[in-house]
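Participant: Structure file upload-v4.cif, mmCIF, C-alpha atoms, is pasted below:
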data_protein
loop_
_atom_site.label_atom_id
_atom_site.label_comp_id
_atom_site.auth_asym_id
_atom_site.auth_seq_id
_atom_site.Cartn_x
_atom_site.Cartn_y
_atom_site.Cartn_z
CA MET X 1 66.04 118.60 69.93
CA GLN X 2 65.78 114.90 69.15
CA GLU X 3 63.69 112.81 71.54
CA MET X 4 65.77 110.58 73.83
CA HIS X 5 64.82 107.34 75.46
CA VAL X 6 64.30 107.59 79.21
CA PRO X 7 67.59 107.12 81.10
CA LYS X 8 67.67 103.89 83.10
CA ILE X 9 69.39 102.90 86.33
CA ARG X 10 71.70 100.00 85.47
CA HIS X 11 73.96 99.69 88.52
CA ILE X 12 73.60 100.17 92.28
CA ALA X 13 76.39 99.81 94.86
CA ILE X 14 75.30 99.22 98.45
CA ILE X 15 77.49 99.27 101.56
CA SER X 16 76.39 96.52 103.95
CA LEU X 17 77.41 95.19 107.36
CA ASP X 18 76.53 91.69 106.10
CA PRO X 19 76.89 91.50 102.29
CA GLU X 20 76.48 87.70 102.27
CA ARG X 21 73.09 87.85 104.01
CA LEU X 22 71.96 90.72 101.78
CA ALA X 23 73.06 88.74 98.69
CA GLN X 24 71.01 85.76 99.90
CA PHE X 25 68.01 88.10 100.29
CA TYR X 26 68.30 89.37 96.69
CA GLU X 27 68.79 85.82 95.42
CA ASP X 28 65.76 84.48 97.30
CA VAL X 29 63.30 87.35 96.93
CA PHE X 30 64.23 88.74 93.49
CA GLU X 31 65.84 85.61 91.96
CA MET X 32 69.03 87.53 91.19
CA LYS X 33 72.15 85.59 90.24
CA ARG X 34 75.67 86.06 91.52
CA VAL X 35 78.32 87.25 89.10
CA ASP X 36 81.88 86.06 89.70
CA VAL X 37 83.96 89.23 89.92
CA PRO X 38 87.35 89.38 91.70
CA GLY X 39 87.41 91.31 94.97
CA GLU X 40 85.66 91.25 98.32
CA ALA X 41 82.42 92.83 97.10
CA LEU X 42 79.57 90.54 96.04
CA ASN X 43 77.94 91.17 92.66
CA LEU X 44 74.47 90.16 91.54
CA THR X 45 72.38 90.71 88.43
CA ASP X 46 68.91 90.08 87.11
CA GLY X 47 70.24 90.42 83.57
CA TYR X 48 69.54 94.14 83.48
CA ILE X 49 70.34 95.78 86.82
CA ASN X 50 73.65 94.98 88.50
CA ILE X 51 74.02 95.26 92.28
CA THR X 52 77.37 95.40 94.05
CA LEU X 53 77.35 94.71 97.79
CA ILE X 54 80.36 96.30 99.49
CA PRO X 55 81.43 95.26 103.01
CA ASN X 56 81.14 98.14 105.50
CA ARG X 57 84.62 98.60 106.95
CA ALA X 58 84.25 102.14 108.34
CA ASP X 59 83.65 102.31 112.09
CA GLY X 60 80.69 104.51 112.88
CA LYS X 61 79.67 104.92 109.25
CA GLY X 62 76.23 103.86 108.16
CA SER X 63 75.36 101.34 105.52
CA GLY X 64 73.27 102.13 102.46
CA VAL X 65 73.56 103.24 98.85
CA ASN X 66 77.13 104.14 97.91
CA HIS X 67 76.49 105.10 94.27
CA PHE X 68 74.37 104.22 91.25
CA GLY X 69 74.93 104.31 87.51
CA ILE X 70 72.48 105.58 84.90
CA GLU X 71 72.60 104.50 81.27
CA VAL X 72 71.83 107.29 78.80
CA GLU X 73 71.39 107.24 75.06
CA ASP X 74 72.83 110.67 74.16
CA GLU X 75 75.78 111.74 76.33
CA GLU X 76 76.06 115.16 74.65
CA GLU X 77 72.42 115.97 75.41
CA ILE X 78 72.87 114.90 79.03
CA ALA X 79 76.00 117.12 79.26
CA ARG X 80 73.90 120.08 78.04
CA ARG X 81 71.29 119.31 80.68
CA PHE X 82 73.98 119.12 83.37
CA ALA X 83 75.23 122.54 82.24
CA ARG X 84 71.75 124.02 82.81
CA TRP X 85 72.26 123.04 86.46
CA ASN X 86 75.86 124.37 86.53
CA LEU X 87 77.19 120.81 86.85
CA ALA X 88 80.02 119.08 85.03
CA PRO X 89 79.29 115.58 83.71
#
Would it be possible to restate this file's structure as structure tokens?

Facilitator:
Amino acid sequence: MQEMHVPKIRHIAIISLDPERLAQFYEDVFEMKRVDVPGEALNLTDGYINITLIPNRADGKGSGVNHFGIEVEDEEEIARRFARWNLAP
């Protein structure tokens, strides 16, 4: 088996009651920059990791991580690893 680079998280989507305030936090504390993408979600990046802030519209549902994306070098190898866990990629 060929050695793979370590997979890296590249994208995080967060559901927030106040996406604008959370965006301001990421801009101030982590110096992230807004990315102009159509839609009501706010998008930020540091040039490597992209964060999407989604408005929470569901009554009674909590805010938090909605999903994240991981960049991999060898998709076939990752598919084999998923299969070891009885998962489909």

Participant: Quick one: apply the PyMOL selection byres ((chain X and resi 72) around 8) to the file and drop the selected residues here as a ChimeraX atom specification.

Facilitator: /X:5-8,70-71,73-75,78

Participant: Counting only C-alpha atoms, which of X:Trp85, X:Ile49, X:Ala58, X:Leu44 gets nearest to Tyr26 in chain X?

Facilitator: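 Among the listed residues, X:Leu44 lies closest to Tyr26 in chain X.
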
Participant: So which one's closest to Asn43 in chain X, X:Glu77, X:Asn66, X:Leu22, X:Ala88? Using all atoms listed in the file, please.

Facilitator: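 That would be X:Leu22, the residue with the smallest distance to Asn43 in chain X.
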
Participant: By how many Å are CA of Thr52 in chain X and CA of Pro19 in chain X apart?

Facilitator: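 Going from CA of Thr52 in chain X over to CA of Pro19 in chain X covers 9.1 Å.
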
Participant: For the atom pair CA of Ile14 in chain X and CA of Ile54 in chain X, what is the interatomic distance in Å to one decimal place?

Facilitator: 5.9 Å

Participant: Excluding Gly64 in chain X and any residue of its chain fewer than 4 positions from it, enumerate the residues within 9 Å of it, using only C-alpha atoms, and give them as a list in words.

Facilitator: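 Here the qualifying residues turn out to be Ala13, Ile14, Ile15 and Ser16 of chain X.
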
Participant: Determine the nearest neighbour of His11 in chain X from the options X:Val65, X:Leu87, X:Ala79, X:Ile51, counting only C-alpha atoms.

Facilitator: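 For His11 in chain X, the nearest of the candidates is X:Ile51.
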
Participant: Please determine, counting only C-alpha atoms, which residue among X:Arg10, X:Asp46, X:Glu76, X:Phe68 has the shortest atom-to-atom distance to Val29 in chain X.

Facilitator: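 For Val29 in chain X, the nearest of the candidates is X:Asp46.
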
Participant: Could you please determine the separation between CA of Gly39 in chain X and CA of Glu20 in chain X in Å, to one decimal place?

Facilitator: 13.6 Å

Participant: Extract, using all atoms listed in the file, all DNA, RNA and protein residues at most 12 Å from Gly47 in chain X, discarding same-chain residues fewer than 6 positions from it, and format them as a CSV table (one decimal) with C-alpha atoms, in the frame of the given file.

Facilitator:
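around-v8.csv, freshly written:
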chain,number,residue,atom,x,y,z
X,10,ARG,CA,71.7,100.0,85.5
X,11,HIS,CA,74.0,99.7,88.5
X,30,PHE,CA,64.2,88.7,93.5
X,31,GLU,CA,65.8,85.6,92.0
X,32,MET,CA,69.0,87.5,91.2
X,33,LYS,CA,72.2,85.6,90.2
X,34,ARG,CA,75.7,86.1,91.5
X,35,VAL,CA,78.3,87.2,89.1
